[in-house]
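Okay, work.cif now, which holds mmCIF, N, CA and C atoms:
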data_upload
loop_
_atom_site.label_atom_id
_atom_site.label_comp_id
_atom_site.auth_asym_id
_atom_site.auth_seq_id
_atom_site.Cartn_x
_atom_site.Cartn_y
_atom_site.Cartn_z
N MET A 1 -24.59 76.00 43.92
CA MET A 1 -24.10 76.00 45.28
C MET A 1 -22.74 76.68 45.31
N GLN A 2 -22.54 77.60 46.22
CA GLN A 2 -21.28 78.31 46.37
C GLN A 2 -20.37 77.54 47.33
N PHE A 3 -19.08 77.50 46.99
CA PHE A 3 -18.11 76.80 47.82
C PHE A 3 -17.21 77.81 48.51
N ASP A 4 -16.86 77.48 49.74
CA ASP A 4 -15.85 78.26 50.44
C ASP A 4 -14.50 77.71 50.02
N HIS A 5 -13.63 78.56 49.47
CA HIS A 5 -12.37 78.09 48.90
C HIS A 5 -11.45 77.47 49.94
N MET A 6 -11.54 77.90 51.17
CA MET A 6 -10.63 77.40 52.19
C MET A 6 -11.26 76.33 53.08
N ASN A 7 -12.53 76.09 52.97
CA ASN A 7 -13.20 75.13 53.84
C ASN A 7 -13.35 73.81 53.11
N PHE A 8 -12.50 72.85 53.45
CA PHE A 8 -12.58 71.54 52.81
C PHE A 8 -13.36 70.54 53.66
N ASN A 9 -13.90 70.96 54.76
CA ASN A 9 -14.62 70.06 55.66
C ASN A 9 -16.12 70.12 55.42
N GLU A 10 -16.51 70.33 54.18
CA GLU A 10 -17.93 70.40 53.86
C GLU A 10 -18.53 69.00 53.83
N ASP A 11 -19.81 68.91 54.11
CA ASP A 11 -20.50 67.62 54.07
C ASP A 11 -20.82 67.30 52.61
N ASP A 12 -20.21 66.24 52.08
CA ASP A 12 -20.39 65.88 50.67
C ASP A 12 -21.60 64.97 50.44
N SER A 13 -22.29 64.57 51.48
CA SER A 13 -23.34 63.58 51.33
C SER A 13 -24.58 64.13 50.64
N LEU A 14 -24.87 65.43 50.73
CA LEU A 14 -26.09 65.98 50.16
C LEU A 14 -25.84 66.78 48.88
N MET A 15 -24.68 66.60 48.28
CA MET A 15 -24.34 67.36 47.07
C MET A 15 -24.73 66.57 45.84
N SER A 16 -25.04 67.29 44.78
CA SER A 16 -25.35 66.63 43.52
C SER A 16 -24.05 66.18 42.86
N ILE A 17 -24.16 65.37 41.84
CA ILE A 17 -22.99 64.86 41.13
C ILE A 17 -22.20 66.01 40.52
N GLU A 18 -22.89 66.98 39.94
CA GLU A 18 -22.22 68.12 39.33
C GLU A 18 -21.46 68.93 40.39
N ASP A 19 -22.08 69.09 41.57
CA ASP A 19 -21.41 69.82 42.64
C ASP A 19 -20.18 69.08 43.14
N LEU A 20 -20.28 67.76 43.23
CA LEU A 20 -19.13 66.96 43.66
C LEU A 20 -17.99 67.06 42.65
N LYS A 21 -18.33 67.01 41.37
CA LYS A 21 -17.31 67.15 40.32
C LYS A 21 -16.65 68.52 40.38
N ALA A 22 -17.48 69.54 40.57
CA ALA A 22 -16.94 70.90 40.64
C ALA A 22 -16.04 71.06 41.86
N LEU A 23 -16.43 70.48 42.98
CA LEU A 23 -15.63 70.55 44.19
C LEU A 23 -14.31 69.81 44.00
N ARG A 24 -14.37 68.63 43.39
CA ARG A 24 -13.15 67.86 43.15
C ARG A 24 -12.20 68.61 42.22
N LEU A 25 -12.74 69.21 41.16
CA LEU A 25 -11.90 69.98 40.24
C LEU A 25 -11.30 71.20 40.92
N GLN A 26 -12.09 71.84 41.76
CA GLN A 26 -11.60 73.02 42.47
C GLN A 26 -10.48 72.64 43.43
N ARG A 27 -10.64 71.54 44.16
CA ARG A 27 -9.59 71.08 45.07
C ARG A 27 -8.32 70.71 44.30
N LYS A 28 -8.50 70.06 43.16
CA LYS A 28 -7.36 69.67 42.34
C LYS A 28 -6.63 70.91 41.81
N LYS A 29 -7.38 71.92 41.40
CA LYS A 29 -6.78 73.15 40.91
C LYS A 29 -5.99 73.85 42.01
N ILE A 30 -6.54 73.89 43.22
CA ILE A 30 -5.85 74.53 44.34
C ILE A 30 -4.56 73.78 44.65
N GLU A 31 -4.60 72.44 44.63
CA GLU A 31 -3.40 71.66 44.89
C GLU A 31 -2.35 71.89 43.80
N ASN A 32 -2.77 71.96 42.55
CA ASN A 32 -1.84 72.22 41.45
C ASN A 32 -1.22 73.61 41.57
N ASP A 33 -2.02 74.58 41.98
CA ASP A 33 -1.50 75.94 42.18
C ASP A 33 -0.46 75.97 43.30
N LYS A 34 -0.71 75.22 44.37
CA LYS A 34 0.25 75.16 45.47
C LYS A 34 1.56 74.55 45.00
N LYS A 35 1.47 73.47 44.22
CA LYS A 35 2.68 72.82 43.72
C LYS A 35 3.44 73.75 42.79
N ALA A 36 2.72 74.48 41.95
CA ALA A 36 3.38 75.40 41.01
C ALA A 36 4.07 76.52 41.77
N ARG A 37 3.42 77.07 42.79
CA ARG A 37 4.04 78.13 43.58
C ARG A 37 5.30 77.63 44.31
N LYS A 38 5.24 76.41 44.83
CA LYS A 38 6.41 75.84 45.51
C LYS A 38 7.55 75.65 44.51
N TYR A 39 7.25 75.16 43.31
CA TYR A 39 8.27 74.96 42.29
C TYR A 39 8.92 76.29 41.91
N ILE A 40 8.12 77.32 41.71
CA ILE A 40 8.65 78.64 41.36
C ILE A 40 9.48 79.20 42.51
N LEU A 41 9.05 78.99 43.75
CA LEU A 41 9.81 79.44 44.91
C LEU A 41 11.18 78.76 44.95
N ASP A 42 11.22 77.45 44.68
CA ASP A 42 12.50 76.74 44.67
C ASP A 42 13.43 77.28 43.59
N ILE A 43 12.89 77.54 42.41
CA ILE A 43 13.71 78.09 41.32
C ILE A 43 14.24 79.47 41.70
N ASN A 44 13.39 80.30 42.26
CA ASN A 44 13.83 81.64 42.67
C ASN A 44 14.90 81.59 43.74
N GLN A 45 14.77 80.67 44.68
CA GLN A 45 15.78 80.54 45.73
C GLN A 45 17.12 80.11 45.15
N ARG A 46 17.10 79.14 44.21
CA ARG A 46 18.35 78.72 43.57
C ARG A 46 18.97 79.86 42.79
N TYR A 47 18.15 80.63 42.07
CA TYR A 47 18.68 81.74 41.29
C TYR A 47 19.29 82.80 42.19
N ARG A 48 18.60 83.13 43.30
CA ARG A 48 19.14 84.11 44.24
C ARG A 48 20.47 83.64 44.82
N LYS A 49 20.57 82.37 45.13
CA LYS A 49 21.80 81.82 45.68
C LYS A 49 22.94 81.95 44.66
N MET A 50 22.66 81.63 43.39
CA MET A 50 23.69 81.73 42.36
C MET A 50 24.08 83.18 42.13
N SER A 51 23.12 84.08 42.07
CA SER A 51 23.43 85.46 41.77
C SER A 51 24.18 86.14 42.92
N THR A 52 23.86 85.80 44.16
CA THR A 52 24.60 86.39 45.27
C THR A 52 26.03 85.85 45.29
N ARG A 53 26.19 84.58 44.95
CA ARG A 53 27.54 84.01 44.91
C ARG A 53 28.38 84.70 43.82
N LYS A 54 27.76 84.94 42.66
CA LYS A 54 28.46 85.62 41.57
C LYS A 54 28.84 87.04 41.96
N SER A 55 27.92 87.76 42.57
CA SER A 55 28.22 89.15 42.94
C SER A 55 29.28 89.21 44.04
N ASN A 56 29.24 88.26 44.97
CA ASN A 56 30.27 88.22 46.02
C ASN A 56 31.63 87.91 45.42
N ASN A 57 31.69 86.98 44.47
CA ASN A 57 32.96 86.65 43.83
C ASN A 57 33.47 87.83 43.02
N PHE A 58 32.58 88.53 42.35
CA PHE A 58 33.00 89.69 41.55
C PHE A 58 33.62 90.75 42.44
N LEU A 59 32.98 91.05 43.55
CA LEU A 59 33.51 92.07 44.45
C LEU A 59 34.81 91.61 45.12
N ARG A 60 34.91 90.34 45.41
CA ARG A 60 36.10 89.81 46.05
C ARG A 60 37.29 89.81 45.08
N ASN A 61 37.01 89.49 43.80
CA ASN A 61 38.08 89.42 42.80
C ASN A 61 38.49 90.78 42.25
N MET A 62 37.71 91.79 42.52
CA MET A 62 38.03 93.11 41.99
C MET A 62 39.20 93.68 42.82
N ASN A 63 40.26 94.05 42.12
CA ASN A 63 41.44 94.57 42.79
C ASN A 63 41.58 96.03 42.41
N PRO A 64 41.51 96.95 43.37
CA PRO A 64 41.57 98.38 43.04
C PRO A 64 42.96 98.83 42.58
N PHE A 65 44.00 98.03 42.87
CA PHE A 65 45.35 98.43 42.50
C PHE A 65 45.81 97.84 41.17
N LYS A 66 44.95 97.02 40.57
CA LYS A 66 45.29 96.40 39.30
C LYS A 66 45.05 97.38 38.17
N LYS A 67 45.96 97.45 37.22
CA LYS A 67 45.79 98.37 36.09
C LYS A 67 44.80 97.79 35.10
N ALA A 68 44.01 98.66 34.54
CA ALA A 68 43.06 98.23 33.53
C ALA A 68 43.81 97.98 32.23
N ALA A 69 43.48 96.93 31.56
CA ALA A 69 44.20 96.58 30.32
C ALA A 69 43.68 97.39 29.15
#

How does the structure come out when it is put into structure tokens?
Amino acid sequence: MQFDHMNFNEDDSLMSIEDLKALRLQRKKIENDKKARKYILDINQRYRKMSTRKSNNFLRNMNPFKKAA
């Protein structure tokens, strides 16, 4: 039996045990993928925030009239 990846409103009453297990595993995998993507997004946002702060500080602290040592 083929499953629609985005349709979770399927009727589970006429499915075999193997189909139910496969559907449950597929739903669990999709949920885990969503959590992993959200975690990576959060890490990327924190990194971008840190790197922009560093670059802004570097440009702000750079003095064109200061002699190079």

Report the distance between CA of Arg24 in chain A and CA of Tyr39 in chain A in Å, rounded to one decimal place. 22.6 Å

Just the number, please: distance in Å from atom C of Ile40 in chain A to atom N of Arg53 in chain A, one decimal. 17.7 Å

To one decimal in Å, tell me the separation between CA of Lys34 in chain A and CA of Leu14 in chain A.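 Interatomic distance, CA of Lys34 in chain A to CA of Leu14 in chain A: 28.3 Å.
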